[in-house]
file data.pdb (PDB, C-alpha atoms)
ATOM      1  CA  SER A   1     165.112 -57.216  48.354
ATOM      2  CA  LEU A   2     167.823 -55.924  46.078
ATOM      3  CA  PRO A   3     169.555 -58.189  43.605
ATOM      4  CA  PRO A   4     173.250 -58.762  44.276
ATOM      5  CA  PRO A   5     175.634 -56.479  42.390
ATOM      6  CA  PRO A   6     176.186 -57.829  38.856
ATOM      7  CA  SER A   7     179.897 -57.059  39.091
ATOM      8  CA  LYS A   8     182.481 -56.529  41.784
ATOM      9  CA  PRO A   9     182.392 -52.936  43.118
ATOM     10  CA  ARG A  10     185.629 -51.009  42.671
ATOM     11  CA  THR A  11     184.791 -47.546  44.044
ATOM     12  CA  ALA A  12     183.837 -46.741  47.639
ATOM     13  CA  TRP A  13     180.782 -44.479  47.850
ATOM     14  CA  PHE A  14     179.820 -42.673  51.061
ATOM     15  CA  MET A  15     176.673 -40.915  52.253
ATOM     16  CA  CYS A  16     176.138 -39.331  55.660
ATOM     17  CA  LEU A  17     172.949 -39.455  57.682
ATOM     18  CA  THR A  18     171.950 -38.574  61.200
ATOM     19  CA  GLN A  19     169.541 -40.377  63.445
ATOM     20  CA  PRO A  20     166.201 -38.880  62.384
ATOM     21  CA  ARG A  21     164.457 -36.713  64.940
ATOM     22  CA  ASP A  22     161.935 -35.007  62.684
ATOM     23  CA  ALA A  23     160.007 -35.518  59.459
ATOM     24  CA  ILE A  24     162.623 -33.801  57.304
ATOM     25  CA  ALA A  25     165.419 -36.010  58.631
ATOM     26  CA  ARG A  26     163.242 -39.114  58.132
ATOM     27  CA  GLU A  27     162.755 -38.149  54.479
ATOM     28  CA  HIS A  28     166.505 -38.488  54.005
ATOM     29  CA  LEU A  29     166.278 -42.167  54.938
ATOM     30  CA  ALA A  30     163.918 -42.647  51.974
ATOM     31  CA  PHE A  31     166.256 -40.614  49.758
ATOM     32  CA  ALA A  32     169.187 -42.831  50.787
ATOM     33  CA  ARG A  33     167.211 -45.986  49.988
ATOM     34  CA  ALA A  34     166.350 -44.624  46.538
ATOM     35  CA  ALA A  35     169.983 -43.647  45.897
ATOM     36  CA  ILE A  36     171.197 -47.104  46.932
ATOM     37  CA  VAL A  37     168.625 -48.873  44.747
ATOM     38  CA  SER A  38     169.513 -46.671  41.761
ATOM     39  CA  ALA A  39     173.219 -47.397  42.282
ATOM     40  CA  ARG A  40     172.638 -51.135  42.553
ATOM     41  CA  LEU A  41     170.649 -51.123  39.314
ATOM     42  CA  ARG A  42     172.616 -48.526  37.323
ATOM     43  CA  ALA A  43     176.032 -48.045  38.986
ATOM     44  CA  PRO A  44     177.201 -51.485  40.116
ATOM     45  CA  SER A  45     180.839 -50.399  40.378
ATOM     46  CA  LEU A  46     179.954 -48.475  43.573
ATOM     47  CA  ALA A  47     180.330 -50.025  47.023
ATOM     48  CA  PRO A  48     177.858 -48.072  49.203
ATOM     49  CA  HIS A  49     178.753 -47.034  52.736
ATOM     50  CA  VAL A  50     176.372 -45.104  54.985
ATOM     51  CA  ILE A  51     178.004 -43.054  57.708
ATOM     52  CA  TYR A  52     175.386 -42.848  60.435
ATOM     53  CA  ILE A  53     176.167 -39.922  62.720
ATOM     54  CA  THR A  54     175.455 -40.626  66.360
ATOM     55  CA  GLU A  55     175.586 -38.270  69.313
ATOM     56  CA  ARG A  56     176.569 -40.884  71.841
ATOM     57  CA  PRO A  57     179.733 -42.974  71.970
ATOM     58  CA  HIS A  58     177.792 -46.192  71.351
ATOM     59  CA  PRO A  59     175.863 -47.080  68.190
ATOM     60  CA  PRO A  60     172.094 -46.728  68.200
ATOM     61  CA  ARG A  61     169.866 -49.753  68.482
ATOM     62  CA  PRO A  62     169.166 -51.487  65.186
ATOM     63  CA  ASP A  63     166.087 -50.115  63.500
ATOM     64  CA  ALA A  64     164.151 -50.709  60.281
ATOM     65  CA  PHE A  65     166.529 -48.508  58.279
ATOM     66  CA  THR A  66     169.777 -50.079  59.486
ATOM     67  CA  GLY A  67     168.150 -53.498  59.037
ATOM     68  CA  TRP A  68     167.313 -52.592  55.429
ATOM     69  CA  LEU A  69     170.910 -51.426  54.877
ATOM     70  CA  ALA A  70     172.283 -54.713  56.216
ATOM     71  CA  ALA A  71     169.901 -56.760  54.051
ATOM     72  CA  ALA A  72     170.967 -54.685  51.015
ATOM     73  CA  GLY A  73     174.654 -55.367  51.713
ATOM     74  CA  VAL A  74     175.406 -51.743  52.564
ATOM     75  CA  ARG A  75     178.178 -51.129  55.090
ATOM     76  CA  THR A  76     176.880 -48.945  57.944
ATOM     77  CA  LEU A  77     179.476 -46.990  59.909
ATOM     78  CA  PHE A  78     178.405 -45.408  63.196
ATOM     79  CA  HIS A  79     180.400 -42.235  63.686
ATOM     80  CA  ASN A  80     180.700 -39.134  65.857
ATOM     81  CA  LEU A  81     182.064 -36.018  64.137
ATOM     82  CA  SER A  82     185.719 -35.673  65.050
ATOM     83  CA  PHE A  83     185.445 -31.879  65.235
ATOM     84  CA  ILE A  84     181.943 -31.336  66.634
ATOM     85  CA  ARG A  85     183.238 -29.332  69.601
ATOM     86  CA  ARG A  86     184.831 -26.847  67.174
ATOM     87  CA  ILE A  87     181.510 -25.993  65.486
ATOM     88  CA  PRO A  88     179.805 -22.924  66.991
ATOM     89  CA  SER A  89     176.515 -23.891  68.616
ATOM     90  CA  ARG A  90     174.604 -21.390  66.447
ATOM     91  CA  ARG A  91     175.679 -23.428  63.389
ATOM     92  CA  LEU A  92     174.389 -26.635  64.929
ATOM     93  CA  ARG A  93     171.024 -25.372  66.089
ATOM     94  CA  ARG A  94     167.740 -24.842  64.305
ATOM     95  CA  GLY A  95     164.695 -23.780  66.265
ATOM     96  CA  GLY A  96     166.502 -24.295  69.578
ATOM     97  CA  ALA A  97     167.442 -27.936  68.906
ATOM     98  CA  VAL A  98     170.473 -29.536  67.294
ATOM     99  CA  SER A  99     169.977 -29.500  63.541
ATOM    100  CA  HIS A 100     170.802 -33.032  62.516
ATOM    101  CA  LEU A 101     170.862 -32.028  58.870
ATOM    102  CA  ASN A 102     173.663 -29.560  59.616
ATOM    103  CA  VAL A 103     175.646 -32.224  61.467
ATOM    104  CA  GLY A 104     175.160 -34.627  58.549
ATOM    105  CA  THR A 105     176.386 -31.947  56.158
ATOM    106  CA  TYR A 106     179.633 -31.521  58.064
ATOM    107  CA  CYS A 107     180.253 -35.271  58.044
ATOM    108  CA  ARG A 108     181.848 -35.254  54.584
ATOM    109  CA  ILE A 109     184.888 -33.561  56.132
ATOM    110  CA  ASP A 110     185.577 -36.743  58.140
ATOM    111  CA  VAL A 111     185.447 -39.016  55.060
ATOM    112  CA  PRO A 112     189.268 -39.131  54.557
ATOM    113  CA  ALA A 113     189.783 -40.270  58.175
ATOM    114  CA  ILE A 114     187.006 -42.851  57.827
ATOM    115  CA  VAL A 115     188.555 -44.176  54.613
ATOM    116  CA  GLY A 116     191.897 -44.400  56.421
ATOM    117  CA  ARG A 117     190.329 -46.602  59.110
ATOM    118  CA  LEU A 118     188.603 -48.750  56.475
ATOM    119  CA  ALA A 119     191.600 -48.977  54.125
ATOM    120  CA  PRO A 120     192.583 -52.597  54.941
ATOM    121  CA  GLU A 121     188.978 -53.773  54.539
ATOM    122  CA  LEU A 122     188.491 -51.831  51.294
ATOM    123  CA  ARG A 123     191.772 -53.041  49.790
ATOM    124  CA  ALA A 124     190.866 -56.639  50.676
ATOM    125  CA  GLN A 125     187.707 -56.135  48.596
ATOM    126  CA  GLY A 126     189.725 -54.788  45.662
ATOM    127  CA  ILE A 127     188.490 -51.234  46.189
ATOM    128  CA  ASP A 128     190.854 -48.345  45.514
ATOM    129  CA  THR A 129     191.326 -46.131  48.575
ATOM    130  CA  SER A 130     193.049 -43.226  46.826
ATOM    131  CA  ALA A 131     189.784 -41.674  45.582
ATOM    132  CA  VAL A 132     186.208 -42.131  46.797
ATOM    133  CA  LEU A 133     182.790 -40.785  45.932
ATOM    134  CA  TYR A 134     180.740 -38.823  48.455
ATOM    135  CA  THR A 135     177.141 -37.849  47.725
ATOM    136  CA  ASP A 136     174.249 -36.367  49.590
ATOM    137  CA  THR A 137     171.279 -38.688  49.946
ATOM    138  CA  ASP A 138     169.202 -36.980  47.256
ATOM    139  CA  VAL A 139     170.996 -38.430  44.225
ATOM    140  CA  MET A 140     169.952 -40.952  41.618
ATOM    141  CA  PHE A 141     172.302 -42.847  39.319
ATOM    142  CA  ALA A 142     171.319 -43.102  35.666
ATOM    143  CA  GLY A 143     174.551 -44.893  34.747
ATOM    144  CA  ASP A 144     177.670 -46.346  36.248
ATOM    145  CA  TRP A 145     180.325 -44.200  37.887
ATOM    146  CA  ASP A 146     183.012 -44.017  35.202
ATOM    147  CA  TYR A 147     185.360 -41.514  36.837
ATOM    148  CA  ALA A 148     187.173 -44.124  38.923
ATOM    149  CA  ARG A 149     190.315 -43.840  36.837
ATOM    150  CA  THR A 150     190.187 -40.057  36.520
ATOM    151  CA  PRO A 151     192.883 -38.373  38.610
ATOM    152  CA  VAL A 152     191.614 -35.666  40.919
ATOM    153  CA  ARG A 153     193.815 -33.107  42.676
ATOM    154  CA  ASN A 154     191.827 -32.510  45.890
ATOM    155  CA  PHE A 155     188.190 -32.897  44.975
ATOM    156  CA  ALA A 156     185.774 -32.291  42.154
ATOM    157  CA  ALA A 157     182.187 -31.212  42.715
ATOM    158  CA  GLY A 158     179.165 -31.133  40.477
ATOM    159  CA  THR A 159     176.849 -28.277  39.633
ATOM    160  CA  GLU A 160     173.095 -28.264  40.044
ATOM    161  CA  THR A 161     171.251 -28.761  36.779
ATOM    162  CA  PHE A 162     169.272 -25.583  37.422
ATOM    163  CA  SER A 163     172.193 -23.458  38.578
ATOM    164  CA  PRO A 164     175.834 -22.913  37.609
ATOM    165  CA  ALA A 165     176.691 -22.735  41.341
ATOM    166  CA  LEU A 166     178.966 -25.308  42.939
ATOM    167  CA  ASN A 167     177.133 -28.063  44.791
ATOM    168  CA  CYS A 168     179.228 -30.059  47.214
ATOM    169  CA  GLY A 169     176.497 -32.717  47.382
ATOM    170  CA  VAL A 170     178.517 -34.791  44.903
ATOM    171  CA  LEU A 171     182.253 -34.947  45.602
ATOM    172  CA  TRP A 172     184.954 -37.024  43.952
ATOM    173  CA  LEU A 173     187.638 -36.967  46.669
ATOM    174  CA  ASN A 174     191.360 -37.509  46.460
ATOM    175  CA  VAL A 175     191.503 -39.027  49.946
ATOM    176  CA  SER A 176     195.083 -38.136  50.917
ATOM    177  CA  ALA A 177     195.067 -34.624  49.400
ATOM    178  CA  PHE A 178     191.676 -33.685  50.855
ATOM    179  CA  GLY A 179     192.601 -35.270  54.192
ATOM    180  CA  ALA A 180     195.783 -33.177  54.330
ATOM    181  CA  GLU A 181     193.679 -30.016  53.893
ATOM    182  CA  VAL A 182     191.168 -30.846  56.631
ATOM    183  CA  PRO A 183     193.170 -29.411  59.588
ATOM    184  CA  ARG A 184     193.681 -26.086  57.772
ATOM    185  CA  LEU A 185     190.059 -26.095  56.638
ATOM    186  CA  LEU A 186     188.851 -26.531  60.220
ATOM    187  CA  ASP A 187     191.259 -23.868  61.546
ATOM    188  CA  TYR A 188     190.090 -21.417  58.873
ATOM    189  CA  ALA A 189     186.404 -22.148  59.516
ATOM    190  CA  GLU A 190     186.838 -21.765  63.267
ATOM    191  CA  ALA A 191     188.689 -18.461  62.810
ATOM    192  CA  LYS A 192     185.900 -17.080  60.605
TER     193      LYS A 192
END
call {"tool": "encode", "arguments": {"input": "data.pdb", "output": "structure tokens"}}
result
Amino acid sequence: SLPPPPSKPRTAWFMCLTQPRDAIAREHLAFARAAIVSARLRAPSLAPHVIYITERPHPPRPDAFTGWLAAAGVRTLFHNLSFIRRIPSRRLRRGGAVSHLNVGTYCRIDVPAIVGRLAPELRAQGIDTSAVLYTDTDVMFAGDWDYARTPVRNFAAGTETFSPALNCGVLWLNVSAFGAEVPRLLDYAEAK
């Protein structure tokens, strides 16, 4: 079991996962565990939240992964993408089946709305709701997240260590500014 956080978290951190249907998706559960352990040990200012994408209106049955999350003190949020019907089916499919990794990738767009729903709970915990961290599951923390007091216009994203290209797998989100852009972002994506 994980030790309790040594200090009170002050930054909400979100990751998105889908219910695993194949070996690749199951690997992401292990990645998420490793990310959470590294944050607990090296980035105690983060309050982890796992957004678990579901395809049905009701949450899935508890399983070993969600049990581990609960035991680790990680907030699990069962969620259906708010805009799933706007995504062309060819973008959702891989090999004839729904690509759960693609659905999980799109989840970050719903983070501002999710933070809005959680705002009273987060504020009660002393967590700032104006800016949050989003990461993919394949991250490791070597130190604490010290950007919590850094203003961000809409979002900031990291680069891969092996490439100068933008990687939206690590996002520091201005919740209200990014949330205000989401409708236009979805309209633009649907038009293209």
call {"tool": "atom_distance", "arguments": {"input": "data.pdb", "atom1": "CA of Trp172 (chain A)", "atom2": "CA of Gly67 (chain A)"}}
result
28.0 Å
call {"tool": "atom_distance", "arguments": {"input": "data.pdb", "atom1": "CA of Ile53 (chain A)", "atom2": "CA of Gly116 (chain A)"}}
result
17.5 Å
call {"tool": "resolve_selection", "arguments": {"input": "data.pdb", "expression": "the PyMOL selection byres ((chain A and resi 5) around 9)", "output": "list in words"}}
result
Leu2, Pro3, Pro4, Pro6, Ser7, Lys8, Pro9, Arg40, Leu41, Pro44 and Ser45 of chain A
call {"tool": "axis_aligned_box", "arguments": {"input": "data.pdb", "around": "region 101-116 of chain A", "padding_each_side": "3 Å", "output": "JSON"}}
result
{"center_x": 181.4, "center_y": -37.0, "center_z": 58.0, "size_x": 27.0, "size_y": 20.8, "size_z": 12.9}
call {"tool": "closest_residue", "arguments": {"input": "data.pdb", "among": "A:Asp22, A:Val37, A:Leu17, A:Ala32", "to": "Asn80 (chain A)", "atoms": "only C-alpha atoms"}}
result
A:Leu17
call {"tool": "atom_distance", "arguments": {"input": "data.pdb", "atom1": "CA of Ser130 (chain A)", "atom2": "CA of Val175 (chain A)"}}
result
5.5 Å
call {"tool": "residues_around", "arguments": {"input": "data.pdb", "residues": "Ala47 (chain A)", "least_positions_apart": "5", "cutoff": "9 Å", "atoms": "all atoms listed in the file", "output": "list in words"}}
result
Lys8, Pro9, Arg10, Thr11, Ala12, Trp13, Phe14, Ala39, Arg40, Val74, Arg75 and Ile127 of chain A
call {"tool": "closest_residue", "arguments": {"input": "data.pdb", "among": "A:Pro48, A:Glu190, A:Asp136, A:Arg117", "to": "Ala70 (chain A)", "atoms": "only C-alpha atoms"}}
result
A:Pro48
call {"tool": "resolve_selection", "arguments": {"input": "data.pdb", "expression": "the PyMOL selection byres ((chain A and resi 169) around 6)", "output": "PDB file with C-alpha atoms, in the frame of the given file"}}
result
ATOM      1  CA  THR A 135     177.141 -37.849  47.725  1.00  0.00           C
ATOM      2  CA  ASP A 136     174.249 -36.367  49.590  1.00  0.00           C
ATOM      3  CA  ASN A 167     177.133 -28.063  44.791  1.00  0.00           C
ATOM      4  CA  CYS A 168     179.228 -30.059  47.214  1.00  0.00           C
ATOM      5  CA  VAL A 170     178.517 -34.791  44.903  1.00  0.00           C
TER       6      VAL A 170
END
call {"tool": "build_atoms", "arguments": {"input": "data.pdb", "residues": "region 115-147 of chain A", "atoms": "N, CA and C atoms", "output": "CSV table (one decimal), in the coordinates of the input"}}
result
chain,number,residue,atom,x,y,z
A,115,VAL,N,187.9,-43.3,55.6
A,115,VAL,CA,188.6,-44.2,54.6
A,115,VAL,C,189.9,-44.7,55.1
A,116,GLY,N,190.6,-43.9,55.8
A,116,GLY,CA,191.9,-44.4,56.4
A,116,GLY,C,191.7,-45.6,57.4
A,117,ARG,N,190.6,-45.5,58.2
A,117,ARG,CA,190.3,-46.6,59.1
A,117,ARG,C,189.9,-47.8,58.4
A,118,LEU,N,189.1,-47.6,57.2
A,118,LEU,CA,188.6,-48.8,56.5
A,118,LEU,C,189.6,-49.3,55.4
A,119,ALA,N,190.7,-48.6,55.2
A,119,ALA,CA,191.6,-49.0,54.1
A,119,ALA,C,191.9,-50.5,54.0
A,120,PRO,N,192.3,-51.2,55.1
A,120,PRO,CA,192.6,-52.6,54.9
A,120,PRO,C,191.4,-53.4,54.4
A,121,GLU,N,190.2,-53.1,55.0
A,121,GLU,CA,189.0,-53.8,54.5
A,121,GLU,C,188.7,-53.5,53.1
A,122,LEU,N,188.8,-52.2,52.7
A,122,LEU,CA,188.5,-51.8,51.3
A,122,LEU,C,189.5,-52.5,50.3
A,123,ARG,N,190.8,-52.4,50.7
A,123,ARG,CA,191.8,-53.0,49.8
A,123,ARG,C,191.5,-54.5,49.6
A,124,ALA,N,191.1,-55.2,50.7
A,124,ALA,CA,190.9,-56.6,50.7
A,124,ALA,C,189.7,-56.9,49.7
A,125,GLN,N,188.8,-56.0,49.5
A,125,GLN,CA,187.7,-56.1,48.6
A,125,GLN,C,188.1,-55.7,47.2
A,126,GLY,N,189.3,-55.3,47.0
A,126,GLY,CA,189.7,-54.8,45.7
A,126,GLY,C,189.3,-53.4,45.3
A,127,ILE,N,189.0,-52.6,46.4
A,127,ILE,CA,188.5,-51.2,46.2
A,127,ILE,C,189.6,-50.3,46.4
A,128,ASP,N,189.8,-49.4,45.5
A,128,ASP,CA,190.9,-48.3,45.5
A,128,ASP,C,190.6,-47.4,46.6
A,129,THR,N,191.5,-47.1,47.5
A,129,THR,CA,191.3,-46.1,48.6
A,129,THR,C,191.9,-44.8,48.3
A,130,SER,N,192.5,-44.5,47.1
A,130,SER,CA,193.0,-43.2,46.8
A,130,SER,C,192.0,-42.2,46.5
A,131,ALA,N,190.9,-42.6,45.9
A,131,ALA,CA,189.8,-41.7,45.6
A,131,ALA,C,188.5,-42.4,45.9
A,132,VAL,N,187.5,-41.6,46.5
A,132,VAL,CA,186.2,-42.1,46.8
A,132,VAL,C,185.1,-41.1,46.4
A,133,LEU,N,183.9,-41.6,46.3
A,133,LEU,CA,182.8,-40.8,45.9
A,133,LEU,C,182.0,-40.5,47.2
A,134,TYR,N,181.7,-39.2,47.4
A,134,TYR,CA,180.7,-38.8,48.5
A,134,TYR,C,179.5,-38.2,47.8
A,135,THR,N,178.3,-38.6,48.2
A,135,THR,CA,177.1,-37.8,47.7
A,135,THR,C,176.2,-37.6,48.9
A,136,ASP,N,175.4,-36.6,48.7
A,136,ASP,CA,174.2,-36.4,49.6
A,136,ASP,C,173.3,-37.5,49.3
A,137,THR,N,172.2,-37.6,50.1
A,137,THR,CA,171.3,-38.7,49.9
A,137,THR,C,170.3,-38.5,48.8
A,138,ASP,N,170.2,-37.3,48.3
A,138,ASP,CA,169.2,-37.0,47.3
A,138,ASP,C,169.8,-37.1,45.9
A,139,VAL,N,170.4,-38.2,45.6
A,139,VAL,CA,171.0,-38.4,44.2
A,139,VAL,C,170.4,-39.7,43.6
A,140,MET,N,170.4,-39.8,42.3
A,140,MET,CA,170.0,-41.0,41.6
A,140,MET,C,171.0,-41.2,40.6
A,141,PHE,N,171.3,-42.5,40.3
A,141,PHE,CA,172.3,-42.8,39.3
A,141,PHE,C,171.6,-43.3,38.1
A,142,ALA,N,171.9,-42.7,37.0
A,142,ALA,CA,171.3,-43.1,35.7
A,142,ALA,C,172.3,-44.0,34.9
A,143,GLY,N,173.5,-44.1,35.4
A,143,GLY,CA,174.6,-44.9,34.7
A,143,GLY,C,175.7,-45.2,35.7
A,144,ASP,N,176.6,-46.0,35.3
A,144,ASP,CA,177.7,-46.3,36.2
A,144,ASP,C,178.6,-45.2,36.4
A,145,TRP,N,179.3,-45.2,37.5
A,145,TRP,CA,180.3,-44.2,37.9
A,145,TRP,C,181.6,-44.5,37.1
A,146,ASP,N,181.9,-43.7,36.1
A,146,ASP,CA,183.0,-44.0,35.2
A,146,ASP,C,184.2,-43.1,35.4
A,147,TYR,N,184.2,-42.4,36.6
A,147,TYR,CA,185.4,-41.5,36.8
A,147,TYR,C,186.4,-42.2,37.7
